[in-house]
Each structure stands twice: as structure tokens, then as C-alpha cells.
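Quick notes on the structure that follows.
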Amino acid sequence: MATLSSAGPEAAGRRTDPLTLIDVDHVRFFVGNAKQAAFFYGSAYGFQVEQVSDLTTGNRESAQYLLTQGNIRIILETPLTHDHGASEELKCYGDGVKDVAFTVFDAEKAWEQARRNGGDSAYEPRTVSDARGSVTMAGVRTYGRVVHSFVSRRNGYDLPAVKQGGEFAPGFRRMDSFALNAFNREHPCGLKFVDHLVGNVELGAMNRWVSWYQQVLGFSMFKHFDDKDIATDYSALMSKVMASGNNLIKMPINEPAEGKRKSQVQEYLDWHAMTPGVQHLAFRTDDELTSVAELRRRGVDFLAIPEAYYDSVWKRVNHQLETHGHTAVKEDHQRIRQLGILVDADDEGYLLQLFTRPLQDRPTLFFEIICRRGSQSFGKGNFKALFEALEGEQARRGNL
Ligand code: FE2
């Protein structure tokens, strides 16, 4: 396995901990119609619709499409029969994230360690192999309907090979002739990797899940916001950010907080069968303006930012940057306003971010496009502006 043979002594040491995470292997969505969803995410967000496993490849249980962009891998899966587990979940939750899967050195050992640490099994280790190599997966349950799979890959299916366009797993075939892929190569959206992934849990459950990530997966707390930080007059939430040992993945966990009106986290839960789940996936770009301009050109439905936001943003952000000895925001301020991008700063630098509207009719999962210029936080200064904008959206849906 190239990942192992190319690894140095430090990596060899890390391997003694079975829960060392190598990468976000993939994020699996359960969707009602993967064929159409693949076209939506390819067309709107610039993903390569790269590979498929379906009836034509001998998969009689589900259709699965691998979408890729940078180091992002999304599997869109649709069950083909009524008694498939995903059919029941789609009825309850609509389209959304089922599995946040991590590449590890040995999936079975990672799963065993997570279970020793108190994690519940979602499914037992299973290996699929062919002449090219093998993929082993095993899963533990996290909050609500979400699972973390551990994935270990051998020989032709190792992650470096997959990143170079090799088959994702036995039973997948490449979709080289899919016309949209050529267009996307010529018009890149510039999304590089999953920066963070946010979960919504029930009122009072956040600390339990913070402990779960510490005890079961060995994560630690990255940042902490309380409801005074993230509150408007009408809706509030509390959030704690969990990070894997190597900061490979950051997973903020939100719970609703008391407000005069319904919290956006509560709105999510109301439309997600009162079950915790993934609220948003944040994709990193090196160039927020170019990415957002291309995504807008493609018709991506972003959250509308109130005009008044731009009256105060530069004073707030540049003051913060100056205070900590950082240079001011270098991107064109007028262009940022035209593109409706949010800006925030902390003691380490600044970030640019923008949130999409929900990706499906239920107000559940959405995406964030984020670019970091030193800042490692999550846009705390934007929360107020964001929630005011979100509340406008909630009101339009009659959910305030
Ligand atoms: Fe975020």
C-alpha cells in the first residue's frame, strides 16, 4: 500500500494507534434519486461525476455515484428496493448525509478500538476484493442517524490511487464519457477538501456528544462558543468544535439554545424527524471570489446577506486584523460585496465564507464555501449577521 510504504518513521509511530485518521475517505449521502442528484451536484457545484456502481456493474441493491473535486469524495446512494435500510431513512429524513467515512491503516482494528472505547457498532467489518486489491469497511454510530465508517484500502484501491482516478472500490466503473465532466474540467469551481462538517443534536445533548468524540475517537475540543456568542433576539445555538488528533477534520456540534423564536438548529430537527444529523459541509477553496463567482454563474442558491452587513464589516474586520498585526483583507472589497461574501477575522488572520440555501426541499443540509487567510475559526463575528439572514429565510418558510 503506497500510503504505508511512503510513510516515514513518524507515520509508523502513528500507526500504532488504530484510530489515527489518514483522510476523510468519503462522505456518503442517502438520496432519493442518485442519478439526478449526481447531475445536480456536478452541474451546480462542479463535481466530477466520476464513477458508478449500479445495476450495470452488478449492484442490485443500490445505485452509488462517486463525485469528486480536489480531495473531496462524495458518494450519492439510492436504494433500489423497498426493504433496503436506506429506503426507511429516506422516508424519515429526505436526502442527507448518512456516513462520514475516515481512511485508516486497518479498518477492523480501528472499529475494535472504537468499540473498546465505548462506541456502538453500526456494522461489522466487511471486505470486498478483486484482482486489483481490497477495501475493508466497518462502522460505528455517532449522533442521530449518522455513522462513521473506517475504511482501509489495499493495493490498487489505496487512497493515492483513488485520488489519481483509480477505481474507488470493487464494483465501481469510471464514467469517462459523462459530458458534464469535460465542462467542469474547463470551468473549475476550485473546491479542495472538507474543511469542517457540522452536526445538529438535540437540546441538552451537545456535551454528551463532545464526550463521545473525546472518548471513542480520541478527538479534542478545538473552540468553544456559548449562546452569548451565537445569538440574536430570535434564535440561538450553542456549539463546540471537536478536532481529530491531527486536526485532519473538525466537527462542530450544535445544539439549540433558548431564544424568543425558533432556533435554526430546532428547525433542522423539526424537519429531520427530531433526529440529529449533519447540518452543513464546509468546502475549502484557495480563492473565495473565483469559486463563488463560478458557483453563482452556475446558479447556486446562496443565502442572501443583508446589504447593511457591508456597512460595518470592513471597520470590524480590519480593526481586528490591525490589532493583531495582520495586513488588511487583500481581496477586492467591492467585489466581495457584489458576490455577497461574508468576512470575519480573529487573532490569527481572516476568513471568507458563504453559505448555500438548503440543498433539498426540507430545510436540513446545506454547504459552506470557505477560504482561510490565517484564521482557524468558523466566522464567529458573522454569526449575528448570518442568523439575521437565516431568520429572514425561516420566516419565509413559516418556521419562526
Ligand atoms: Fe461552518
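Chain labels follow the order of the C-alpha cells: the first chain is A, the next B, and so on; residue numbering restarts at 1 in every chain, and ligands are counted from 1 in their shown order.
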
Hey, which bits of chain A sit within 10 Å of ligand 1, and for each residue what's the closest pair of atoms and how far apart in Å (one decimal), counting only C-alpha atoms and all ligand atoms, rows by chain and increasing number, as a Markdown table?
```
| residue | atom | partner | partner_atom_place_in_ligand_line | distance |
| --- | --- | --- | --- | --- |
| A:Asp195 | CA | ligand 1 | 1 (Fe) | 8.4 |
| A:His196 | CA | ligand 1 | 1 (Fe) | 6.5 |
| A:Leu197 | CA | ligand 1 | 1 (Fe) | 7.0 |
| A:Val198 | CA | ligand 1 | 1 (Fe) | 6.6 |
| A:Lys250 | CA | ligand 1 | 1 (Fe) | 9.8 |
| A:Met251 | CA | ligand 1 | 1 (Fe) | 9.2 |
| A:Pro252 | CA | ligand 1 | 1 (Fe) | 7.9 |
| A:Gln279 | CA | ligand 1 | 1 (Fe) | 9.1 |
| A:His280 | CA | ligand 1 | 1 (Fe) | 6.7 |
| A:Leu281 | CA | ligand 1 | 1 (Fe) | 7.0 |
| A:Ala282 | CA | ligand 1 | 1 (Fe) | 5.5 |
| A:Phe283 | CA | ligand 1 | 1 (Fe) | 9.0 |
| A:Gln353 | CA | ligand 1 | 1 (Fe) | 8.3 |
| A:Leu354 | CA | ligand 1 | 1 (Fe) | 9.0 |
| A:Phe355 | CA | ligand 1 | 1 (Fe) | 8.1 |
| A:Phe366 | CA | ligand 1 | 1 (Fe) | 9.8 |
| A:Phe367 | CA | ligand 1 | 1 (Fe) | 8.2 |
| A:Glu368 | CA | ligand 1 | 1 (Fe) | 6.1 |
| A:Ile369 | CA | ligand 1 | 1 (Fe) | 8.5 |
| A:Ile370 | CA | ligand 1 | 1 (Fe) | 8.0 |
| A:Ser377 | CA | ligand 1 | 1 (Fe) | 9.2 |
| A:Phe378 | CA | ligand 1 | 1 (Fe) | 5.8 |
| A:Gly379 | CA | ligand 1 | 1 (Fe) | 7.7 |
| A:Lys380 | CA | ligand 1 | 1 (Fe) | 9.7 |
```

* alpha helix (DSSP H) per DSSP on the backbone: members of region 135-212 of chain A, as a VMD selection string -> chain A and resid 159 to 163 179 to 186 206 to 212

Would you mind exporting the chosen residues as a PDB file, in the first residue's frame, restricted to C-alpha atoms?
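Listing of part_23.pdb after writing:
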```
ATOM      1  CA  LEU A 159      -6.206   6.264  -1.466  1.00  0.00           C
ATOM      2  CA  PRO A 160      -3.343   7.720  -3.587  1.00  0.00           C
ATOM      3  CA  ALA A 161      -4.536   5.533  -6.483  1.00  0.00           C
ATOM      4  CA  VAL A 162      -8.162   6.640  -5.996  1.00  0.00           C
ATOM      5  CA  LYS A 163      -7.055  10.292  -5.913  1.00  0.00           C
ATOM      6  CA  ALA A 179     -20.393  15.066 -20.872  1.00  0.00           C
ATOM      7  CA  LEU A 180     -20.575  17.346 -17.836  1.00  0.00           C
ATOM      8  CA  ASN A 181     -17.117  16.230 -16.681  1.00  0.00           C
ATOM      9  CA  ALA A 182     -15.346  17.897 -19.612  1.00  0.00           C
ATOM     10  CA  PHE A 183     -17.227  21.160 -18.941  1.00  0.00           C
ATOM     11  CA  ASN A 184     -16.262  21.005 -15.256  1.00  0.00           C
ATOM     12  CA  ARG A 185     -12.595  20.466 -16.083  1.00  0.00           C
ATOM     13  CA  GLU A 186     -12.689  23.620 -18.213  1.00  0.00           C
ATOM     14  CA  MET A 206     -24.140  18.612  22.902  1.00  0.00           C
ATOM     15  CA  ASN A 207     -21.873  17.793  25.841  1.00  0.00           C
ATOM     16  CA  ARG A 208     -22.716  14.101  25.644  1.00  0.00           C
ATOM     17  CA  TRP A 209     -21.533  14.045  22.005  1.00  0.00           C
ATOM     18  CA  VAL A 210     -18.461  16.132  22.813  1.00  0.00           C
ATOM     19  CA  SER A 211     -17.527  13.419  25.337  1.00  0.00           C
ATOM     20  CA  TRP A 212     -18.280  10.728  22.780  1.00  0.00           C
TER      21      TRP A 212
END
```

Tell me, counting only C-alpha atoms, for each residue of region 164-201 of chain A within 8 Å of region 55-75 of chain A, which pair of atoms is nearest and how far apart they are in Å to one decimal, in rows ordered by chain and increasing number, as CSV.
```
residue,atom,partner,partner_atom,distance
A:Phe168,CA,A:Leu66,CA,7.8
A:Gly171,CA,A:Thr57,CA,6.0
A:Phe172,CA,A:Thr57,CA,6.9
A:Arg173,CA,A:Thr57,CA,7.2
A:Gly190,CA,A:Gly70,CA,7.5
A:Leu191,CA,A:Gly70,CA,6.1
A:Lys192,CA,A:Gly70,CA,4.3
A:Phe193,CA,A:Asn71,CA,4.9
A:Val194,CA,A:Ile72,CA,6.3
```

Go ahead and write the residues just picked, C-alpha atoms, as a PDB file, in the first residue's frame.
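Below you can see part-v2.pdb, which holds the result:
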```pdb
ATOM      1  CA  PHE A 168     -12.977   3.663  -5.771  1.00  0.00           C
ATOM      2  CA  GLY A 171     -17.757  -2.926  -8.467  1.00  0.00           C
ATOM      3  CA  PHE A 172     -17.284   0.705  -9.490  1.00  0.00           C
ATOM      4  CA  ARG A 173     -16.747   1.719 -13.105  1.00  0.00           C
ATOM      5  CA  GLY A 190     -11.900  25.303  -7.013  1.00  0.00           C
ATOM      6  CA  LEU A 191     -13.230  23.293  -4.051  1.00  0.00           C
ATOM      7  CA  LYS A 192     -10.265  21.499  -2.442  1.00  0.00           C
ATOM      8  CA  PHE A 193     -11.258  19.489   0.628  1.00  0.00           C
ATOM      9  CA  VAL A 194     -13.736  19.206   3.516  1.00  0.00           C
TER      10      VAL A 194
END
```

* Structure fact -> Computed gap from CA of Thr142 (chain A) to CA of Ala86 (chain A) is 16.8 Å

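Among the candidates A:Arg357, A:Arg115, A:Arg316, A:His26, the one nearest to Gln215 (chain A) when counting only C-alpha atoms is A:Arg115.
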
* Return as a PyMOL selection string the full set of residues in region 173-311 of chain A whose backbone-based DSSP assignment is strand (DSSP E or B). => chain A and resi 173-174+191-200+220-225+231+236-243+250-257+277-285+302

Surrounding residues of region 146-148 of chain A excluding itself and chain neighbours under 2 positions, 6 Å, only C-alpha atoms, as a compact mmCIF listing (two decimals) with N, CA and C atoms, in the first residue's frame:
```
# COMPACT_ATOMS: atom_id res chain seq x y z
N LYS A 98 -25.44 10.34 5.48
CA LYS A 98 -25.53 9.15 6.31
C LYS A 98 -24.21 8.82 6.99
N ASP A 99 -23.11 9.01 6.28
CA ASP A 99 -21.83 8.44 6.74
C ASP A 99 -20.69 9.43 6.46
N VAL A 100 -19.91 9.71 7.49
CA VAL A 100 -18.67 10.47 7.33
C VAL A 100 -17.55 9.46 7.55
N ALA A 101 -16.93 9.02 6.46
CA ALA A 101 -16.02 7.87 6.50
C ALA A 101 -14.57 8.32 6.54
N GLY A 139 -18.20 0.15 10.70
CA GLY A 139 -18.80 1.43 11.10
C GLY A 139 -19.20 1.49 12.56
N VAL A 140 -19.14 2.70 13.12
CA VAL A 140 -19.70 2.96 14.45
C VAL A 140 -20.76 4.06 14.33
N ARG A 141 -21.72 4.01 15.24
CA ARG A 141 -22.80 5.01 15.24
C ARG A 141 -22.37 6.25 15.99
N THR A 142 -22.64 7.42 15.41
CA THR A 142 -22.46 8.65 16.16
C THR A 142 -23.86 9.26 16.36
N TYR A 143 -23.96 10.59 16.42
CA TYR A 143 -25.25 11.20 16.74
C TYR A 143 -26.33 10.89 15.71
N GLY A 144 -27.57 10.67 16.24
CA GLY A 144 -28.73 10.51 15.38
C GLY A 144 -28.58 9.41 14.35
```

* Asked: Suppose you want the space between CA of Val300 (chain A) and CA of Gln360 (chain A); what is it in Å?
  -> 12.4 Å

Which neighbours of Tyr268 (chain A) fall inside 10 Å, counting only C-alpha atoms, when residues of the same chain fewer than 5 positions from it are skipped, and could you give them as a PDB file with N, CA and C atoms, in the first residue's frame?
```pdb
ATOM      1  N   ASN A 200     -25.988  18.793  14.008  1.00  0.00           N
ATOM      2  CA  ASN A 200     -27.011  19.350  14.897  1.00  0.00           C
ATOM      3  C   ASN A 200     -27.532  18.243  15.802  1.00  0.00           C
ATOM      4  N   VAL A 201     -27.476  18.466  17.126  1.00  0.00           N
ATOM      5  CA  VAL A 201     -28.038  17.492  18.063  1.00  0.00           C
ATOM      6  C   VAL A 201     -29.132  18.173  18.895  1.00  0.00           C
ATOM      7  N   PRO A 256     -29.615  23.468  19.963  1.00  0.00           N
ATOM      8  CA  PRO A 256     -30.411  24.699  20.026  1.00  0.00           C
ATOM      9  C   PRO A 256     -30.282  25.333  21.402  1.00  0.00           C
ATOM     10  N   SER A 263     -34.954  28.343  17.165  1.00  0.00           N
ATOM     11  CA  SER A 263     -33.552  28.233  16.748  1.00  0.00           C
ATOM     12  C   SER A 263     -33.470  27.549  15.382  1.00  0.00           C
ATOM     13  N   ALA A 273     -37.141  14.529  11.410  1.00  0.00           N
ATOM     14  CA  ALA A 273     -37.761  13.527  12.279  1.00  0.00           C
ATOM     15  C   ALA A 273     -37.226  13.606  13.710  1.00  0.00           C
ATOM     16  N   MET A 274     -36.933  14.826  14.158  1.00  0.00           N
ATOM     17  CA  MET A 274     -36.409  15.085  15.507  1.00  0.00           C
ATOM     18  C   MET A 274     -35.140  14.268  15.776  1.00  0.00           C
ATOM     19  N   THR A 275     -34.382  14.030  14.740  1.00  0.00           N
ATOM     20  CA  THR A 275     -33.208  13.167  14.837  1.00  0.00           C
ATOM     21  C   THR A 275     -31.955  13.955  14.471  1.00  0.00           C
ATOM     22  N   PRO A 276     -30.906  13.908  15.295  1.00  0.00           N
ATOM     23  CA  PRO A 276     -29.670  14.617  14.957  1.00  0.00           C
ATOM     24  C   PRO A 276     -29.087  14.175  13.618  1.00  0.00           C
ATOM     25  N   GLY A 277     -28.363  15.084  12.994  1.00  0.00           N
ATOM     26  CA  GLY A 277     -27.744  14.764  11.710  1.00  0.00           C
ATOM     27  C   GLY A 277     -26.770  15.859  11.300  1.00  0.00           C
ATOM     28  N   VAL A 278     -26.199  15.689  10.110  1.00  0.00           N
ATOM     29  CA  VAL A 278     -25.217  16.657   9.610  1.00  0.00           C
ATOM     30  C   VAL A 278     -25.944  17.880   9.061  1.00  0.00           C
ATOM     31  N   GLN A 279     -25.591  19.067   9.585  1.00  0.00           N
ATOM     32  CA  GLN A 279     -26.230  20.309   9.160  1.00  0.00           C
ATOM     33  C   GLN A 279     -25.549  20.911   7.944  1.00  0.00           C
ATOM     34  N   ARG A 362     -36.498  20.070   2.141  1.00  0.00           N
ATOM     35  CA  ARG A 362     -36.505  20.202   3.604  1.00  0.00           C
ATOM     36  C   ARG A 362     -35.366  21.137   4.016  1.00  0.00           C
ATOM     37  N   PRO A 363     -35.608  22.023   4.980  1.00  0.00           N
ATOM     38  CA  PRO A 363     -34.527  22.929   5.416  1.00  0.00           C
ATOM     39  C   PRO A 363     -33.537  22.202   6.322  1.00  0.00           C
ATOM     40  N   THR A 364     -32.768  21.291   5.727  1.00  0.00           N
ATOM     41  CA  THR A 364     -31.819  20.497   6.518  1.00  0.00           C
ATOM     42  C   THR A 364     -30.389  20.779   6.030  1.00  0.00           C
ATOM     43  N   LEU A 365     -29.817  19.905   5.220  1.00  0.00           N
ATOM     44  CA  LEU A 365     -28.397  20.018   4.843  1.00  0.00           C
ATOM     45  C   LEU A 365     -28.114  21.192   3.897  1.00  0.00           C
TER      46      LEU A 365
END
```

* To do: Tell me which protein, DNA and RNA residues are within 9 Å of Ser375 (chain A), counting only C-alpha atoms, leaving out same-chain ones fewer than 3 positions away, and put them as a ChimeraX atom specification.
  => /A:344-351,372,378-379

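Using only C-alpha atoms for every distance, the candidate list A:Phe150, A:Phe105, A:Tyr310, A:Tyr157 yields A:Tyr157 as the residue closest to Ser134 (chain A).
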
* At what distance in Å, to one decimal, does CA of Arg337 (chain A) lie from CA of Asp311 (chain A)? -> 10.0 Å
